[in-house]
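Text of protein_24.csv (CSV, C-alpha atoms) as supplied:
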```csv
chain,number,residue,atom,x,y,z
A,1,SER,CA,-46.0,47.2,-84.8
A,2,ALA,CA,-43.5,45.7,-87.3
A,3,VAL,CA,-39.8,46.5,-87.2
A,4,ILE,CA,-38.7,48.2,-90.4
A,5,SER,CA,-35.0,48.6,-91.4
A,6,GLN,CA,-33.4,50.3,-94.3
A,7,LYS,CA,-30.0,50.0,-95.9
A,8,PRO,CA,-27.9,52.0,-96.4
A,9,SER,CA,-28.7,54.5,-93.8
A,10,ARG,CA,-26.9,57.2,-95.8
A,11,ASP,CA,-24.7,57.4,-98.8
A,12,ILE,CA,-22.8,59.9,-100.9
A,13,CYS,CA,-22.8,59.2,-104.6
A,14,GLN,CA,-21.5,60.6,-107.9
A,15,ARG,CA,-23.8,61.9,-110.5
A,16,GLY,CA,-24.7,59.4,-113.2
A,17,THR,CA,-24.5,56.4,-110.9
A,18,SER,CA,-27.3,54.4,-109.4
A,19,LEU,CA,-28.1,53.4,-105.8
A,20,THR,CA,-30.3,50.6,-104.6
A,21,ILE,CA,-32.0,51.1,-101.3
A,22,GLN,CA,-33.3,48.1,-99.3
A,23,CYS,CA,-36.2,47.9,-97.0
A,24,GLN,CA,-36.6,44.9,-94.7
A,25,VAL,CA,-39.7,44.2,-92.6
A,26,ASP,CA,-39.9,41.6,-89.8
A,27,SER,CA,-43.4,40.5,-90.8
A,28,GLN,CA,-45.2,39.7,-94.0
A,29,VAL,CA,-47.0,42.7,-95.6
A,30,THR,CA,-48.7,42.8,-99.0
A,31,MET,CA,-48.3,46.5,-99.6
A,32,MET,CA,-45.3,48.7,-99.1
A,33,PHE,CA,-44.8,52.4,-100.0
A,34,TRP,CA,-41.7,54.4,-101.0
A,35,TYR,CA,-41.5,58.1,-100.3
A,36,ARG,CA,-39.1,60.9,-101.1
A,37,GLN,CA,-38.3,63.8,-98.7
A,38,GLN,CA,-36.3,66.5,-100.3
A,39,PRO,CA,-34.2,68.7,-98.0
A,40,GLY,CA,-36.4,70.7,-95.6
A,41,GLN,CA,-39.5,69.4,-97.3
A,42,SER,CA,-42.4,67.1,-96.6
A,43,LEU,CA,-42.9,63.6,-97.7
A,44,THR,CA,-44.0,62.7,-101.3
A,45,LEU,CA,-45.2,59.3,-102.3
A,46,ILE,CA,-43.1,57.8,-105.1
A,47,ALA,CA,-44.9,54.5,-105.6
A,48,THR,CA,-46.9,51.7,-104.0
A,49,ALA,CA,-45.3,48.2,-104.2
A,50,ASN,CA,-47.5,45.2,-104.0
A,51,GLN,CA,-45.9,41.8,-103.9
A,52,GLY,CA,-46.5,39.9,-107.1
A,53,SER,CA,-47.4,42.8,-109.3
A,54,GLU,CA,-45.7,45.9,-110.8
A,55,ALA,CA,-45.3,48.9,-108.6
A,56,THR,CA,-47.8,51.8,-109.1
A,57,TYR,CA,-46.1,55.1,-109.6
A,58,GLU,CA,-47.4,58.6,-108.7
A,59,SER,CA,-47.4,61.5,-111.1
A,60,GLY,CA,-43.9,62.8,-111.6
A,61,PHE,CA,-42.2,59.5,-110.9
A,62,VAL,CA,-41.4,56.9,-113.5
A,63,ILE,CA,-40.2,53.3,-113.4
A,64,ASP,CA,-37.0,54.0,-115.5
A,65,LYS,CA,-35.8,56.5,-112.9
A,66,PHE,CA,-37.0,54.6,-109.8
A,67,PRO,CA,-37.3,50.9,-110.5
A,68,ILE,CA,-38.8,49.0,-107.6
A,69,SER,CA,-38.5,45.3,-106.8
A,70,ARG,CA,-40.8,43.3,-104.4
A,71,PRO,CA,-39.5,39.8,-104.4
A,72,ASN,CA,-41.3,38.6,-101.3
A,73,LEU,CA,-43.6,39.8,-98.6
A,74,THR,CA,-40.9,41.1,-96.3
A,75,PHE,CA,-38.5,42.9,-98.6
A,76,SER,CA,-38.4,45.6,-101.2
A,77,THR,CA,-35.8,47.7,-103.0
A,78,LEU,CA,-35.9,51.1,-104.6
A,79,THR,CA,-33.2,52.1,-107.1
A,80,VAL,CA,-32.4,55.7,-107.9
A,81,SER,CA,-31.0,55.6,-111.4
A,82,ASN,CA,-28.7,57.9,-113.2
A,83,MET,CA,-28.5,60.2,-110.2
A,84,SER,CA,-28.2,64.0,-110.3
A,85,PRO,CA,-27.8,66.4,-107.4
A,86,GLU,CA,-31.6,67.0,-107.5
A,87,ASP,CA,-32.0,63.4,-106.3
A,88,SER,CA,-30.4,64.3,-103.0
A,89,SER,CA,-33.1,63.4,-100.5
A,90,ILE,CA,-34.2,61.1,-97.8
A,91,TYR,CA,-35.9,58.0,-99.1
A,92,LEU,CA,-38.3,56.2,-96.8
A,93,CYS,CA,-40.2,53.0,-97.0
A,94,SER,CA,-43.5,52.5,-95.1
A,95,LEU,CA,-46.1,49.8,-94.6
A,96,PRO,CA,-49.7,50.0,-93.6
A,97,GLY,CA,-50.9,49.3,-90.0
A,98,LEU,CA,-53.6,47.0,-89.0
A,99,ALA,CA,-56.2,49.7,-88.5
A,100,GLY,CA,-57.4,52.3,-91.0
A,101,ASN,CA,-55.0,54.1,-93.3
A,102,GLU,CA,-52.1,54.6,-90.8
A,103,GLN,CA,-48.6,53.9,-92.1
A,104,PHE,CA,-45.4,53.1,-90.2
A,105,PHE,CA,-42.1,54.3,-91.6
A,106,GLY,CA,-38.6,53.0,-91.8
A,107,PRO,CA,-35.7,55.1,-90.5
A,108,GLY,CA,-34.9,56.4,-94.0
A,109,THR,CA,-31.9,56.5,-96.3
A,110,ARG,CA,-30.2,59.9,-96.6
A,111,LEU,CA,-28.8,60.2,-100.2
A,112,THR,CA,-26.4,63.0,-101.2
A,113,VAL,CA,-25.5,63.2,-104.9
A,114,LEU,CA,-22.4,65.2,-105.8
B,1,GLY,CA,-48.3,66.6,-105.8
B,2,GLN,CA,-51.0,67.8,-103.5
B,3,GLN,CA,-50.0,68.9,-100.0
B,4,LEU,CA,-51.9,69.9,-97.0
B,5,ASN,CA,-51.4,73.4,-95.6
B,6,GLN,CA,-49.9,73.3,-92.1
B,7,SER,CA,-49.4,76.2,-89.8
B,8,PRO,CA,-47.5,77.6,-88.2
B,9,GLN,CA,-44.4,76.7,-90.3
B,10,SER,CA,-42.2,77.0,-87.2
B,11,MET,CA,-42.6,77.7,-83.5
B,12,PHE,CA,-40.1,78.7,-80.9
B,13,ILE,CA,-41.5,78.3,-77.4
B,14,GLN,CA,-40.4,78.0,-73.8
B,15,GLU,CA,-40.5,74.8,-71.9
B,16,GLY,CA,-43.8,74.3,-70.1
B,17,GLU,CA,-45.8,76.2,-72.7
B,18,ASP,CA,-48.7,74.7,-74.6
B,19,VAL,CA,-48.5,74.3,-78.4
B,20,SER,CA,-51.2,74.4,-81.1
B,21,MET,CA,-50.8,73.6,-84.8
B,22,ASN,CA,-53.3,72.9,-87.5
B,23,CYS,CA,-53.6,71.4,-90.9
B,24,THR,CA,-56.1,72.3,-93.6
B,25,SER,CA,-57.1,70.8,-96.9
B,26,SER,CA,-59.2,71.9,-99.9
B,27,SER,CA,-60.8,68.5,-100.0
B,28,ILE,CA,-62.4,66.2,-97.4
B,29,PHE,CA,-60.6,63.4,-95.8
B,30,ASN,CA,-61.8,60.4,-93.8
B,31,THR,CA,-58.4,59.8,-92.1
B,32,TRP,CA,-56.2,62.3,-90.3
B,33,LEU,CA,-52.8,61.3,-88.9
B,34,TRP,CA,-50.2,63.2,-87.0
B,35,TYR,CA,-46.5,62.3,-87.1
B,36,LYS,CA,-43.3,63.5,-85.4
B,37,GLN,CA,-40.0,63.4,-87.2
B,38,ASP,CA,-36.7,63.7,-85.3
B,39,PRO,CA,-33.5,64.5,-87.2
B,40,GLY,CA,-32.1,61.6,-89.1
B,41,GLU,CA,-35.1,59.4,-88.4
B,42,GLY,CA,-38.4,58.4,-90.1
B,43,PRO,CA,-41.7,59.9,-89.0
B,44,VAL,CA,-43.3,58.3,-86.0
B,45,LEU,CA,-47.1,58.1,-85.7
B,46,LEU,CA,-48.5,60.0,-82.8
B,47,ILE,CA,-52.3,60.0,-83.2
B,48,ALA,CA,-54.7,58.6,-85.8
B,49,LEU,CA,-58.2,60.1,-86.3
B,50,TYR,CA,-61.0,58.3,-88.3
B,51,LYS,CA,-64.2,60.2,-87.5
B,52,ALA,CA,-65.3,63.8,-88.0
B,53,GLY,CA,-65.3,65.6,-84.6
B,54,GLU,CA,-63.2,62.9,-83.0
B,55,LEU,CA,-60.9,64.1,-80.2
B,56,THR,CA,-58.1,61.8,-79.3
B,57,SER,CA,-55.3,62.1,-76.7
B,58,ASN,CA,-52.0,60.4,-76.4
B,59,GLY,CA,-50.3,61.6,-73.2
B,60,ARG,CA,-49.7,65.3,-73.5
B,61,LEU,CA,-50.9,65.3,-77.1
B,62,THR,CA,-54.4,65.9,-78.2
B,63,ALA,CA,-55.6,65.9,-81.8
B,64,GLN,CA,-59.0,66.6,-83.3
B,65,PHE,CA,-60.6,65.7,-86.6
B,66,GLY,CA,-62.4,68.8,-87.8
B,67,ILE,CA,-66.2,68.7,-88.3
B,68,THR,CA,-65.8,69.9,-91.9
B,69,ARG,CA,-63.4,67.0,-92.5
B,70,LYS,CA,-61.1,69.5,-94.1
B,71,ASP,CA,-58.9,70.2,-91.1
B,72,SER,CA,-57.3,68.8,-88.1
B,73,PHE,CA,-55.6,70.2,-85.0
B,74,LEU,CA,-52.8,69.0,-82.7
B,75,ASN,CA,-52.2,70.4,-79.3
B,76,ILE,CA,-49.2,69.7,-77.0
B,77,SER,CA,-49.5,70.6,-73.4
B,78,ALA,CA,-46.7,71.5,-71.0
B,79,SER,CA,-44.0,71.2,-73.6
B,80,ILE,CA,-40.6,69.6,-72.8
B,81,PRO,CA,-37.3,69.6,-74.6
B,82,SER,CA,-37.8,66.2,-76.2
B,83,ASP,CA,-40.9,67.6,-78.0
B,84,VAL,CA,-38.4,69.3,-80.4
B,85,GLY,CA,-38.8,68.1,-84.0
B,86,ILE,CA,-40.9,68.4,-87.1
B,87,TYR,CA,-44.6,67.6,-86.8
B,88,PHE,CA,-46.5,66.5,-90.0
B,89,CYS,CA,-50.1,66.0,-90.5
B,90,ALA,CA,-51.3,63.5,-93.2
B,91,GLY,CA,-54.6,62.7,-94.6
B,92,SER,CA,-56.3,60.2,-96.9
B,93,TYR,CA,-59.8,59.6,-98.4
B,94,ASN,CA,-60.9,56.1,-99.3
B,95,THR,CA,-57.4,55.2,-100.4
B,96,ASP,CA,-54.2,53.8,-98.9
B,97,LYS,CA,-52.3,56.8,-100.1
B,98,LEU,CA,-51.4,59.5,-97.7
B,99,ILE,CA,-51.0,63.2,-98.5
B,100,PHE,CA,-48.6,65.0,-96.1
B,101,GLY,CA,-48.7,68.5,-94.7
B,102,THR,CA,-45.9,71.0,-95.1
B,103,GLY,CA,-44.7,70.4,-91.5
B,104,THR,CA,-44.4,72.5,-88.3
B,105,ARG,CA,-40.9,72.8,-86.9
B,106,LEU,CA,-41.0,73.0,-83.1
B,107,GLN,CA,-38.1,74.3,-81.0
B,108,VAL,CA,-38.4,74.3,-77.2
B,109,PHE,CA,-36.1,76.4,-75.1
B,110,PRO,CA,-35.4,75.6,-71.5
```
Written as structure tokens, how would this file's structure read?
Amino acid sequence: SAVISQKPSRDICQRGTSLTIQCQVDSQVTMMFWYRQQPGQSLTLIATANQGSEATYESGFVIDKFPISRPNLTFSTLTVSNMSPEDSSIYLCSLPGLAGNEQFFGPGTRLTVL
Amino acid sequence: GQQLNQSPQSMFIQEGEDVSMNCTSSSIFNTWLWYKQDPGEGPVLLIALYKAGELTSNGRLTAQFGITRKDSFLNISASIPSDVGIYFCAGSYNTDKLIFGTGTRLQVFP
């Protein structure tokens, strides 16, 4: 399976600022996913990012708050804009496997907003 | 968003015991996945199920795709300390999007 890395691994930010999270894959993939995992909670899909088109956002998530870039087939960024303490979460990128609907996840970015 | 109901929410067991957890949905799925998440890491895929009634093993882990297509079960036999973590089920139906369960936190005591 592909190797997925995320930067930063963790960060502590002030409210009102923005943070861009990077996801790098060692192979080319058309589709990537971004998830949020709030403290002690399960994973919730933020958006699906296809290279060459705009990301598709799930209900409750908007582009102005979570802009996503997908400049090539091995890289994507998620920005958490105008942060508030409620944005404190683990943000994870994932990509589909070769079979079925399985997905493989990066190590996550742990964000704390003060 | 929609979540799958997973039970139990947490388990505290002794090393060597067997573990069972399950996941239920109000709608049918054609894919069931089981993941394990260790602290500070992303979820790792344990078992993937694609057919109703399918029973699949991965070492000491065994998972089943329920006949109704609305549930799935994960069993861990002869638990060891490294089994500690949070186990998530996830499902999908004719889409790339996964819906995750609420998680089962497993603690194993020596």
Per residue of chain A within 10 Å of region 78-89 of chain B, note the shortest atom pair and the distance in Å to one decimal, counting all atoms listed in the file, and order the rows by chain and increasing residue number, as JSON lines.
```
{"residue": "A:Gly40", "atom": "CA", "partner": "B:Ile86", "partner_atom": "CA", "distance": 9.9}
{"residue": "A:Ser42", "atom": "CA", "partner": "B:Phe88", "partner_atom": "CA", "distance": 7.8}
{"residue": "A:Leu43", "atom": "CA", "partner": "B:Phe88", "partner_atom": "CA", "distance": 9.0}
```
Would you save the residues of that selection, restricted to C-alpha atoms, as a PDB file, in the coordinates of the input?
```pdb
ATOM      1  CA  GLY A  40     -36.400  70.700 -95.600  1.00  0.00           C
ATOM      2  CA  SER A  42     -42.400  67.100 -96.600  1.00  0.00           C
ATOM      3  CA  LEU A  43     -42.900  63.600 -97.700  1.00  0.00           C
TER       4      LEU A  43
END
```
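Straight-line separation from CA of Gln6 (chain B) to CA of Thr109 (chain A): 25.0 Å.
Minimum distance to chain B across A:Glu58, A:Asp87, A:Asp26, A:Asp11 (counting all atoms listed in the file) occurs at A:Glu58.
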- Item | Shortest interatomic distance to Ile67 (chain B) - which of B:Asn5, B:Ser20, B:Asn30, B:Gln37, counting only C-alpha atoms | B:Asn30
- Task: Residues of chain A no more than 7 Å from chain B, counting all atoms listed in the file: send them over as a ChimeraX atom specification.
- Result: /A:41-43,101-102,104-108
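In this structure, CA of Asn75 (chain B) sits 17.1 Å away from CA of Ala52 (chain B).
Computed from the coordinates, the CA of Asn50 (chain A) to CA of Phe29 (chain B) distance equals 23.9 Å.
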- Message: Please list, as a PyMOL selection string, the residues that have an atom at most 6 Å away from (-34.8, 50.2, -103.7) in the coordinates of this file, counting all atoms listed in the file.
- Response: chain A and resi 20-22+68+77-79
File of the preceding selection, C-alpha atoms, as a short mmCIF file (atom, residue, chain, number, x, y, z; two decimals), keeping the file's coordinate frame:
```cif
data_model
loop_
_atom_site.label_atom_id
_atom_site.label_comp_id
_atom_site.auth_asym_id
_atom_site.auth_seq_id
_atom_site.Cartn_x
_atom_site.Cartn_y
_atom_site.Cartn_z
CA THR A 20 -30.30 50.60 -104.60
CA ILE A 21 -32.00 51.10 -101.30
CA GLN A 22 -33.30 48.10 -99.30
CA ILE A 68 -38.80 49.00 -107.60
CA THR A 77 -35.80 47.70 -103.00
CA LEU A 78 -35.90 51.10 -104.60
CA THR A 79 -33.20 52.10 -107.10
#
```
